[in-house]
$ cat query.txt   # compact mmCIF, C-alpha atoms
# COMPACT_ATOMS: atom_id res chain seq x y z
CA MET X 1 12.23 30.51 -7.10
CA LYS X 2 9.76 27.73 -7.95
CA HIS X 3 7.35 26.25 -5.44
CA ARG X 4 8.88 22.94 -4.43
CA ILE X 5 6.55 19.93 -4.10
CA VAL X 6 8.22 16.81 -2.69
CA VAL X 7 6.40 13.47 -2.78
CA LEU X 8 7.71 10.77 -0.44
CA GLY X 9 7.01 7.30 -1.81
CA ALA X 10 6.09 6.15 -5.31
CA GLY X 11 3.60 3.43 -4.58
CA HIS X 12 -0.01 3.55 -5.75
CA ALA X 13 -0.72 6.76 -3.81
CA GLY X 14 2.55 8.65 -4.29
CA ALA X 15 3.02 7.92 -8.00
CA PHE X 16 -0.61 8.82 -8.70
CA VAL X 17 -0.36 12.13 -6.86
CA ALA X 18 2.98 13.10 -8.38
CA GLY X 19 1.93 12.34 -11.95
CA ASN X 20 -1.31 14.28 -11.66
CA LEU X 21 0.29 17.29 -10.00
CA ALA X 22 2.82 17.41 -12.84
CA ARG X 23 -0.07 17.24 -15.31
CA ARG X 24 -2.07 20.05 -13.72
CA LEU X 25 0.47 22.56 -12.44
CA SER X 26 2.68 24.70 -14.63
CA ALA X 27 6.38 23.87 -14.62
CA ALA X 28 7.03 27.61 -14.92
CA ASP X 29 6.53 28.09 -11.20
CA THR X 30 6.38 24.60 -9.64
CA GLU X 31 8.73 21.63 -9.50
CA VAL X 32 7.79 18.13 -8.40
CA THR X 33 10.34 15.76 -6.87
CA VAL X 34 9.59 12.12 -6.01
CA VAL X 35 11.71 10.26 -3.46
CA ASN X 36 11.49 6.46 -3.52
CA ALA X 37 13.71 3.79 -1.99
CA VAL X 38 13.78 1.62 -5.14
CA PRO X 39 13.90 2.59 -8.84
CA ASP X 40 10.82 0.53 -9.75
CA PHE X 41 7.07 0.91 -9.42
CA VAL X 42 6.07 -2.04 -7.26
CA GLN X 43 2.65 -3.61 -7.80
CA ARG X 44 2.18 -4.34 -4.14
CA LEU X 45 -1.27 -5.83 -4.66
CA ARG X 46 0.30 -8.58 -6.75
CA LEU X 47 3.28 -9.47 -4.58
CA HIS X 48 1.59 -12.69 -3.46
CA GLN X 49 1.63 -13.73 -7.12
CA LEU X 50 5.32 -12.83 -7.39
CA ALA X 51 6.09 -14.90 -4.30
CA ALA X 52 4.15 -17.85 -5.72
CA GLY X 53 6.38 -17.87 -8.81
CA GLN X 54 4.67 -15.66 -11.37
CA GLU X 55 6.39 -12.86 -13.26
CA ILE X 56 4.94 -9.49 -12.25
CA GLU X 57 5.85 -6.32 -14.13
CA ALA X 58 7.82 -3.66 -12.23
CA PRO X 59 8.12 -0.61 -14.53
CA LYS X 60 11.09 1.67 -14.01
CA LEU X 61 9.99 4.92 -12.36
CA ALA X 62 12.31 6.87 -14.66
CA ALA X 63 10.29 5.55 -17.59
CA VAL X 64 6.97 6.10 -15.81
CA PHE X 65 7.76 9.76 -15.18
CA ALA X 66 9.49 10.40 -18.51
CA GLY X 67 8.14 13.52 -20.15
CA THR X 68 6.41 14.83 -17.02
CA GLY X 69 9.21 17.02 -15.70
CA ILE X 70 9.16 15.11 -12.41
CA ARG X 71 12.53 14.78 -10.70
CA LEU X 72 13.17 11.29 -9.35
CA ARG X 73 15.45 10.73 -6.37
CA VAL X 74 16.11 7.06 -5.63
CA ALA X 75 16.89 7.21 -1.93
CA ARG X 76 15.61 6.10 1.45
CA VAL X 77 13.83 8.69 3.57
CA THR X 78 15.41 8.79 7.04
CA ALA X 79 13.78 11.86 8.60
CA VAL X 80 11.34 14.70 8.06
CA ASP X 81 11.71 18.10 9.75
CA PRO X 82 8.43 19.99 9.20
CA GLU X 83 9.67 23.05 11.08
CA ARG X 84 12.65 23.54 8.76
CA GLN X 85 10.69 22.04 5.84
CA VAL X 86 13.39 19.57 4.86
CA VAL X 87 13.55 15.83 4.25
CA THR X 88 16.70 13.85 5.02
CA VAL X 89 17.52 10.99 2.63
CA ALA X 90 20.20 8.33 2.32
CA ASP X 91 21.46 6.83 -0.94
CA ALA X 92 24.56 5.32 -2.50
CA SER X 93 26.26 8.72 -2.60
CA GLY X 94 25.62 9.40 1.07
CA GLY X 95 22.34 11.31 0.82
CA GLY X 96 21.54 14.77 2.11
CA GLU X 97 18.59 17.08 2.59
CA LEU X 98 15.76 18.14 0.30
CA GLY X 99 13.85 21.32 0.98
CA TYR X 100 10.14 21.57 0.26
CA ASP X 101 7.28 24.05 0.28
CA THR X 102 4.56 21.40 0.00
CA LEU X 103 5.16 17.83 1.16
CA VAL X 104 3.13 14.76 0.21
CA TYR X 105 3.85 11.94 2.65
CA ALA X 106 3.00 8.60 1.01
CA LEU X 107 5.53 6.17 2.45
CA GLY X 108 2.93 3.42 2.79
CA SER X 109 3.30 0.57 5.26
CA ARG X 110 5.38 -2.50 5.99
CA GLY X 111 4.76 -5.88 7.57
CA ASP X 112 3.97 -5.75 11.28
CA ASP X 113 5.54 -8.47 13.44
CA ARG X 114 3.24 -7.43 16.32
CA GLY X 115 6.10 -8.03 18.72
CA VAL X 116 5.97 -11.80 18.21
CA PRO X 117 9.40 -13.34 18.89
CA GLY X 118 11.16 -14.87 15.89
CA VAL X 119 9.10 -13.22 13.14
CA ALA X 120 11.89 -10.93 11.96
CA GLU X 121 14.47 -13.74 12.01
CA HIS X 122 12.51 -16.69 10.65
CA ALA X 123 9.33 -15.56 8.83
CA PHE X 124 8.80 -14.22 5.31
CA ASP X 125 6.50 -11.33 4.42
CA ILE X 126 5.23 -9.97 1.13
CA ALA X 127 5.07 -6.27 2.02
CA ALA X 128 7.91 -5.44 -0.41
CA ARG X 129 9.15 -6.82 -3.71
CA SER X 130 12.50 -7.85 -2.21
CA SER X 131 10.89 -9.86 0.58
CA ALA X 132 8.42 -11.47 -1.86
CA LEU X 133 11.36 -12.57 -4.00
CA ARG X 134 13.08 -14.07 -0.96
CA LEU X 135 9.95 -16.09 -0.24
CA ARG X 136 9.80 -17.21 -3.86
CA GLU X 137 13.37 -18.50 -3.68
CA ARG X 138 12.51 -20.38 -0.51
CA LEU X 139 9.49 -21.98 -2.18
CA ASN X 140 11.67 -22.85 -5.17
CA SER X 141 14.16 -24.59 -2.90
CA LEU X 142 11.36 -26.59 -1.28
CA GLY X 143 10.18 -27.63 -4.72
CA ARG X 144 13.68 -28.73 -5.75
CA ARG X 145 13.87 -30.97 -2.71
CA GLY X 146 10.90 -32.91 -4.08
CA GLU X 147 9.68 -33.85 -0.60
CA GLY X 148 6.53 -31.74 -0.40
CA GLY X 149 7.50 -28.89 1.90
CA ARG X 150 5.18 -27.40 4.50
CA VAL X 151 4.14 -23.74 4.12
CA LEU X 152 2.44 -21.99 7.02
CA VAL X 153 0.61 -18.71 6.33
CA VAL X 154 -0.10 -16.76 9.53
CA GLY X 155 -2.89 -14.21 9.23
CA ASP X 156 -6.44 -14.48 7.90
CA GLY X 157 -6.80 -10.99 6.47
CA LEU X 158 -6.99 -10.39 2.74
CA THR X 159 -3.21 -10.70 2.30
CA GLY X 160 -3.12 -14.02 4.13
CA ILE X 161 -6.05 -15.44 2.18
CA GLU X 162 -4.62 -14.36 -1.17
CA SER X 163 -1.15 -15.64 -0.29
CA ALA X 164 -2.34 -19.06 0.86
CA THR X 165 -4.61 -19.65 -2.15
CA GLU X 166 -2.03 -18.38 -4.66
CA ILE X 167 0.76 -20.56 -3.27
CA ALA X 168 -1.50 -23.62 -3.06
CA GLU X 169 -2.66 -23.21 -6.66
CA SER X 170 0.75 -22.35 -8.15
CA ARG X 171 2.67 -24.98 -6.18
CA PRO X 172 0.42 -28.01 -5.67
CA GLY X 173 3.34 -30.09 -4.42
CA LEU X 174 3.54 -28.03 -1.23
CA SER X 175 1.35 -28.47 1.84
CA VAL X 176 -0.27 -25.13 2.76
CA THR X 177 -1.83 -24.30 6.13
CA LEU X 178 -3.62 -21.01 6.89
CA VAL X 179 -3.62 -19.96 10.55
CA ALA X 180 -6.64 -17.75 11.35
CA ARG X 181 -6.84 -15.79 14.59
CA SER X 182 -10.65 -15.83 14.43
CA GLU X 183 -13.22 -17.35 12.08
CA LEU X 184 -11.99 -17.58 8.49
CA GLY X 185 -13.46 -14.70 6.47
CA ALA X 186 -15.20 -13.24 9.52
CA ARG X 187 -15.83 -9.89 7.79
CA LEU X 188 -17.44 -11.48 4.75
CA SER X 189 -21.10 -12.33 4.22
CA ALA X 190 -22.26 -15.86 4.99
CA GLY X 191 -22.29 -16.77 1.30
CA ALA X 192 -18.81 -15.38 0.69
CA ARG X 193 -17.45 -17.23 3.73
CA SER X 194 -18.88 -20.46 2.37
CA HIS X 195 -17.31 -19.75 -1.03
CA LEU X 196 -13.95 -19.09 0.63
CA ARG X 197 -14.08 -22.37 2.55
CA GLN X 198 -14.91 -24.27 -0.61
CA ALA X 199 -11.95 -22.65 -2.37
CA CYS X 200 -9.60 -23.67 0.47
CA ASP X 201 -10.95 -27.23 0.33
CA ARG X 202 -10.54 -27.34 -3.44
CA LEU X 203 -6.94 -26.16 -3.19
CA GLY X 204 -6.10 -28.54 -0.33
CA ILE X 205 -5.45 -25.76 2.20
CA THR X 206 -5.68 -26.73 5.86
CA VAL X 207 -7.37 -23.96 7.87
CA LEU X 208 -6.76 -23.58 11.61
CA GLU X 209 -9.26 -21.13 13.10
CA HIS X 210 -9.17 -19.36 16.49
CA THR X 211 -5.43 -19.96 16.69
CA SER X 212 -2.93 -17.40 18.01
CA VAL X 213 0.79 -17.59 17.29
CA GLU X 214 3.15 -16.73 20.16
CA ALA X 215 6.54 -17.41 18.56
CA VAL X 216 8.14 -18.32 15.24
CA GLU X 217 11.15 -20.61 15.05
CA ALA X 218 13.23 -21.82 12.11
CA THR X 219 11.23 -25.02 11.56
CA ARG X 220 8.04 -24.51 13.55
CA VAL X 221 5.48 -22.08 14.93
CA LEU X 222 4.42 -22.10 18.57
CA CYS X 223 0.75 -21.41 19.32
CA ALA X 224 -0.89 -19.98 22.44
CA ASP X 225 -2.55 -23.30 23.26
CA GLY X 226 0.83 -25.04 23.37
CA THR X 227 0.57 -26.56 19.89
CA ALA X 228 3.73 -26.63 17.76
CA LEU X 229 3.16 -26.49 14.00
CA ALA X 230 5.96 -27.75 11.75
CA SER X 231 6.89 -25.34 8.97
CA ASP X 232 9.50 -25.21 6.22
CA ALA X 233 8.44 -21.67 5.26
CA THR X 234 6.39 -19.39 7.52
CA VAL X 235 4.65 -16.52 5.73
CA TRP X 236 3.74 -13.69 8.12
CA THR X 237 0.68 -11.69 6.98
CA ALA X 238 -0.74 -10.70 10.38
CA GLY X 239 -1.00 -6.99 9.67
CA PHE X 240 0.79 -3.88 8.50
CA ALA X 241 2.48 -0.98 10.29
CA VAL X 242 3.53 2.46 9.08
CA SER X 243 7.02 3.89 9.24
CA PRO X 244 7.98 5.63 12.53
CA ILE X 245 9.33 8.62 10.58
CA ALA X 246 6.12 10.67 10.80
CA ALA X 247 5.83 10.20 14.57
CA ALA X 248 9.50 11.13 15.07
CA SER X 249 9.06 14.28 12.98
CA GLY X 250 6.62 15.97 15.32
CA LEU X 251 3.64 15.69 12.97
CA GLU X 252 0.42 14.85 14.80
CA VAL X 253 -0.09 11.12 14.45
CA THR X 254 -2.29 8.38 15.84
CA GLU X 255 -1.09 5.78 18.30
CA ASN X 256 0.00 3.56 15.40
CA GLY X 257 1.90 6.38 13.67
CA GLN X 258 -0.53 7.40 10.91
CA ILE X 259 -0.66 11.13 10.14
CA VAL X 260 -3.89 12.75 11.34
CA VAL X 261 -5.41 14.71 8.44
CA ASP X 262 -8.47 16.86 7.82
CA ARG X 263 -11.11 16.31 5.13
CA THR X 264 -8.68 17.52 2.46
CA VAL X 265 -6.00 15.05 3.74
CA ARG X 266 -3.86 17.93 4.99
CA SER X 267 -2.00 17.44 8.26
CA VAL X 268 -3.92 18.97 11.17
CA SER X 269 -0.65 20.09 12.77
CA HIS X 270 1.40 21.20 9.75
CA PRO X 271 -0.76 22.64 6.93
CA ASN X 272 1.81 22.34 4.14
CA VAL X 273 2.03 18.56 4.65
CA TYR X 274 -0.44 16.16 3.04
CA ALA X 275 -0.69 12.42 3.63
CA ALA X 276 -2.06 9.78 1.27
CA GLY X 277 -2.41 6.02 1.29
CA ASP X 278 -1.61 3.86 4.30
CA SER X 279 0.28 6.73 5.98
CA ALA X 280 -2.90 8.80 6.39
CA TYR X 281 -5.47 8.61 9.17
CA ALA X 282 -8.42 9.91 7.18
CA ILE X 283 -12.07 9.76 8.15
CA GLY X 284 -14.20 8.45 5.29
CA ASP X 285 -17.60 9.63 4.18
CA ASN X 286 -19.17 6.99 6.45
CA GLY X 287 -17.57 8.56 9.51
CA ARG X 288 -15.09 5.73 9.97
CA PRO X 289 -11.31 5.72 9.43
CA LEU X 290 -10.37 4.52 5.97
CA PRO X 291 -8.66 1.12 6.07
CA MET X 292 -5.20 0.51 4.65
CA SER X 293 -6.05 -0.51 1.09
CA CYS X 294 -5.48 0.28 -2.57
CA ALA X 295 -8.91 1.91 -2.74
CA SER X 296 -8.02 4.21 0.15
CA ALA X 297 -4.76 5.12 -1.60
CA GLY X 298 -6.73 6.17 -4.66
CA TYR X 299 -9.29 8.17 -2.72
CA THR X 300 -6.82 9.98 -0.45
CA GLY X 301 -4.46 10.55 -3.37
CA GLY X 302 -7.26 12.09 -5.42
CA GLN X 303 -8.22 14.39 -2.55
CA ALA X 304 -4.60 15.46 -2.06
CA ILE X 305 -4.36 16.42 -5.72
CA GLU X 306 -7.52 18.55 -5.59
CA ALA X 307 -6.47 20.22 -2.33
CA ILE X 308 -2.93 21.07 -3.45
CA VAL X 309 -3.97 22.34 -6.87
CA GLY X 310 -6.83 24.33 -5.36
CA ARG X 311 -4.78 26.00 -2.65
CA LEU X 312 -1.79 26.80 -4.83
CA THR X 313 -3.85 28.24 -7.69
CA GLY X 314 -6.56 29.97 -5.66
CA ARG X 315 -9.32 27.70 -6.94
CA LYS X 316 -12.16 26.20 -4.97
CA ILE X 317 -11.15 22.87 -3.42
CA ALA X 318 -13.38 19.99 -4.38
CA ASN X 319 -14.15 17.34 -1.77
CA THR X 320 -13.62 14.08 -3.59
CA LYS X 321 -15.10 10.78 -2.46
CA LEU X 322 -13.51 9.13 0.56
CA GLY X 323 -15.17 5.75 0.50
CA TYR X 324 -14.76 2.11 1.39
CA PRO X 325 -16.52 0.11 -1.35
CA GLY X 326 -15.63 -3.36 -0.12
CA ASN X 327 -13.13 -6.15 -0.68
CA HIS X 328 -11.80 -7.64 -3.90
CA ILE X 329 -10.14 -10.94 -3.05
CA SER X 330 -8.28 -13.20 -5.46
CA LEU X 331 -8.32 -16.94 -4.73
CA GLY X 332 -5.69 -18.00 -7.21
CA ARG X 333 -5.94 -17.11 -10.90
CA ARG X 334 -9.37 -18.60 -11.63
CA ASP X 335 -11.44 -17.73 -8.57
CA GLY X 336 -12.20 -14.70 -6.44
CA ILE X 337 -14.68 -12.86 -4.25
CA LEU X 338 -16.08 -9.36 -4.64
CA GLN X 339 -17.72 -8.35 -1.35
CA ALA X 340 -19.48 -4.98 -1.15
CA VAL X 341 -20.10 -3.29 2.21
CA ASP X 342 -22.77 -0.90 3.49
CA ASP X 343 -22.37 2.54 5.06
CA GLU X 344 -21.46 0.91 8.37
CA ALA X 345 -18.64 -1.04 6.67
CA GLN X 346 -20.56 -4.27 7.18
CA ALA X 347 -20.68 -6.91 4.45
CA LYS X 348 -23.81 -6.86 2.32
CA PRO X 349 -25.58 -10.24 1.96
CA LYS X 350 -24.87 -10.55 -1.75
CA TYR X 351 -21.42 -11.18 -3.18
CA LEU X 352 -19.84 -12.17 -6.49
CA GLY X 353 -17.59 -15.21 -6.62
CA GLY X 354 -15.83 -17.45 -9.12
CA ARG X 355 -14.15 -16.74 -12.45
CA LYS X 356 -16.07 -13.52 -13.09
CA ALA X 357 -14.88 -12.07 -9.78
CA ALA X 358 -11.32 -13.12 -10.63
CA ARG X 359 -11.54 -11.41 -14.03
CA ILE X 360 -12.87 -8.20 -12.47
CA LYS X 361 -10.09 -8.17 -9.87
CA SER X 362 -7.52 -8.73 -12.60
CA GLY X 363 -9.01 -5.89 -14.63
CA ILE X 364 -8.86 -3.53 -11.67
CA LEU X 365 -5.18 -4.30 -11.14
CA LYS X 366 -4.37 -3.82 -14.83
CA MET X 367 -6.23 -0.50 -14.89
CA SER X 368 -4.39 0.67 -11.79
CA LEU X 369 -1.01 -0.17 -13.30
CA TRP X 370 -1.88 1.52 -16.60
CA ALA X 371 -3.12 4.70 -14.92
CA THR X 372 0.04 4.94 -12.78
CA SER X 373 2.36 4.10 -15.68
CA HIS X 374 0.84 6.74 -18.00
CA PRO X 375 0.74 9.98 -15.99
CA THR X 376 1.03 12.08 -19.16
CA PHE X 377 -2.10 10.59 -20.75
CA GLY X 378 -4.55 13.40 -21.48
CA LEU X 379 -1.89 16.00 -20.65
CA PRO X 380 -3.62 19.40 -20.88
CA LYS X 381 -2.22 21.97 -23.30
CA ARG X 382 -2.60 24.70 -20.69
CA LYS X 383 -1.55 24.03 -17.10
CA HIS X 384 -2.57 25.99 -14.00
CA ARG X 385 -0.29 28.78 -12.82
CA LEU X 386 0.12 29.62 -9.15
CA ALA X 387 -2.10 32.29 -7.67
CA THR X 388 0.90 34.43 -6.66
CA ALA X 389 4.16 34.98 -8.50
CA PRO X 390 6.57 32.41 -7.00
CA ASN X 391 9.37 33.74 -4.84
CA ALA X 392 11.04 32.74 -1.61
CA SER X 393 8.44 34.34 0.67
CA ALA X 394 5.43 33.42 -1.44
CA ASN X 395 6.40 29.76 -1.51
CA LYS X 396 5.79 29.40 2.21
CA THR X 397 2.55 31.37 2.04
CA LEU X 398 1.20 29.32 -0.83
CA GLY X 399 2.01 26.10 1.01
CA VAL X 400 -0.22 26.97 3.95
CA ALA X 401 -3.00 28.93 2.28
CA ALA X 402 -6.41 28.26 3.80
$ encode --input "query.txt" --output "C-alpha cells"
Amino acid sequence: MKHRIVVLGAGHAGAFVAGNLARRLSAADTEVTVVNAVPDFVQRLRLHQLAAGQEIEAPKLAAVFAGTGIRLRVARVTAVDPERQVVTVADASGGGELGYDTLVYALGSRGDDRGVPGVAEHAFDIAARSSALRLRERLNSLGRRGEGGRVLVVGDGLTGIESATEIAESRPGLSVTLVARSELGARLSAGARSHLRQACDRLGITVLEHTSVEAVEATRVLCADGTALASDATVWTAGFAVSPIAAASGLEVTENGQIVVDRTVRSVSHPNVYAAGDSAYAIGDNGRPLPMSCASAGYTGGQAIEAIVGRLTGRKIANTKLGYPGNHISLGRRDGILQAVDDEAQAKPKYLGGRKAARIKSGILKMSLWATSHPTFGLPKRKHRLATAPNASANKTLGVAA
C-alpha cells in the first residue's frame, strides 16, 4: 500500500507543495492527492485586477498537474478527523471520505466581516475569484448607468489600497473613496506614505482616515462617529480569516483558528499534519509570526516540502528560510511601492516607487504563476524512495517519524 499524501487547497501554497512532492518522491510508494473547491488555479494576488475589469488567467488544475501523477479531487473540504486520519469532502456526486498518511493543510483564508452588521448581505470582497467577478459585474452595471457611481473601499491594508487604486485607474468614471481605520499607509516609511498619498490624489481617490465602519447597508455605510457615507458598491477589505475546519478538527490552533506548527511547519499536536500558507501559525526567523501573504505561502510551503521529503526518506531535514521581506504594493498598472522591512518587521527608510516598482511586482506575479503552472519543470530522472518499504503499518510510522 502506498503512502498517501493529501494536500488540502491548491492556492499558491498547496499547488506549490503538491507539485514539488510529486517531483521529488517516487510514485512507486507514494501517491499525492490534491483537494480543491474549484477546478482552476486562482491568482489571488491579482483578484483586484479581475474585479476592476481586466482578464486574469486561471489555468485549469488538471492541466497544471498533467504528467505529475497527482490525483485531483474537485470538492469542498467539510471536515478533518486527525485521529482517524480522514478528510470529509462534498462535491456534485455527494462526496465522501479520503484517508491520508500525511496531510498538508493549505486551505488559505477568506474575507473577514469582523462581525460588522450588513457586510455579508451588502458588501463585496475579493478573497475569491467568484466574489471578484460579482464585484466586476456590479462595477459594469454602474458604468452602464453612466451616472458616475460611488465605490467605497473599506480597509487600508494592502488589499484595500490595491483595490482602490486599481478600480480608480481602470474605471475613471466612478468615484472611489478609501476608508482607513488609522493613518493611510501607517506601516510604510515616511517616503512611501507620501508616494501613496500622491498616487491617491493623482487617481482622484478620496481618503478618509481614522474612520471606523459600524454597519453596511445597501446604499450606504454607517461610521462610528455617526457619519453616513453613500455607496453604490461597498468593497470590504478589512482583513482575512481562516476556515473554522482546523479548529473543529481538534488540531491545536490559535485564537483565530490558524494551525500552530513547529519550525518545520508540522502541527505541534498531530505530527503527520503540516500547514502552509495563511492556515499556518509559523514563527519566522525574526521571532515574529509570519503574516498572511504570498511570501509566507512560499516560505512555509518550501519548508513543508523539505520536512515531508526528509522524514519520509530518512534524510536530514533542511531548515529553509522563514522570512518577511516586506511589501510589494501595486497602485494601478503603472505605479507601485516596494517597501523592505528590518528584522523587527519595521519599514526601512528607503523604498522604491513608480513604474519600476510596478514592473517588479508584475514580474514577481508572473514568476509565481509560471512556477506553479509548471510543476514538472526540471523533473529529476531519479526520485526519492521511502526509507521503509510501504505497507499499512509503515505508512503510519513514516507519517510521524521524528
$ atom_distance --input "query.txt" --atom1 "CA of Ala51 in chain X" --atom2 "CA of Ile329 in chain X"
16.8 Å
$ atom_distance --input "query.txt" --atom1 "CA of Glu55 in chain X" --atom2 "CA of Arg144 in chain X"
19.0 Å
$ residues_around --input "query.txt" --residues "range 298-307 of chain X" --least-positions-apart "2" --cutoff "9 Å" --atoms "all atoms listed in the file" --output "ChimeraX atom specification"
/X:12-14,16-18,20-21,104,106,263-266,274-277,280,282,293-296,309-312,316-323
$ closest_residue --input "query.txt" --among "X:Thr254, X:Asp101, X:Val213, X:Arg171" --to "Glu83 in chain X" --atoms "all atoms listed in the file"
X:Asp101
$ closest_residue --input "query.txt" --among "X:Leu338, X:Ile205, X:Ala37, X:Ala345" --to "Tyr324 in chain X" --atoms "all atoms listed in the file"
X:Ala345
$ atom_distance --input "query.txt" --atom1 "CA of Ile364 in chain X" --atom2 "CA of Arg73 in chain X"
28.7 Å
$ axis_aligned_box --input "query.txt" --around "range 382-386 of chain X" --padding-each-side "5 Å" --output "AutoDock Vina command-line options"
--center_x -1.2 --center_y 26.8 --center_z -14.9 --size_x 12.7 --size_y 15.6 --size_z 21.5
$ residues_around --input "query.txt" --residues "Lys350 in chain X" --least-positions-apart "5" --cutoff "9 Å" --atoms "only C-alpha atoms" --output "PyMOL selection string"
chain X and resi 189-192+339-340
$ residues_near_point --input "query.txt" --point "(13.4, 9.6, -15.1)" --cutoff "10 Å" --atoms "all atoms listed in the file" --output "list in words"
Pro39, Lys60, Leu61, Ala62, Ala63, Val64, Phe65, Ala66, Gly67, Thr68, Gly69, Ile70, Arg71, Leu72 and Arg73 of chain X
$ closest_residue --input "query.txt" --among "X:Val273, X:Arg150, X:Leu352, X:Asp343" --to "Gly287 in chain X" --atoms "only C-alpha atoms"
X:Asp343
$ closest_residue --input "query.txt" --among "X:Ala168, X:Ala15, X:Ala238, X:Leu386" --to "Ala27 in chain X" --atoms "all atoms listed in the file"
X:Leu386
$ residues_near_point --input "query.txt" --point "(11.2, 19.5, -5.3)" --cutoff "12 Å" --atoms "only C-alpha atoms" --output "PyMOL selection string"
chain X and resi 1-8+18+22+27+29-35+69-73+85-87+97-104+395
$ residues_around --input "query.txt" --residues "Val42 in chain X" --least-positions-apart "4" --cutoff "9 Å" --atoms "all atoms listed in the file" --output "list in words"
Ala10, Gly11, His12, Val38, Arg46, Leu47, Glu57, Ala58, Pro59, Ala128 and Arg129 of chain X
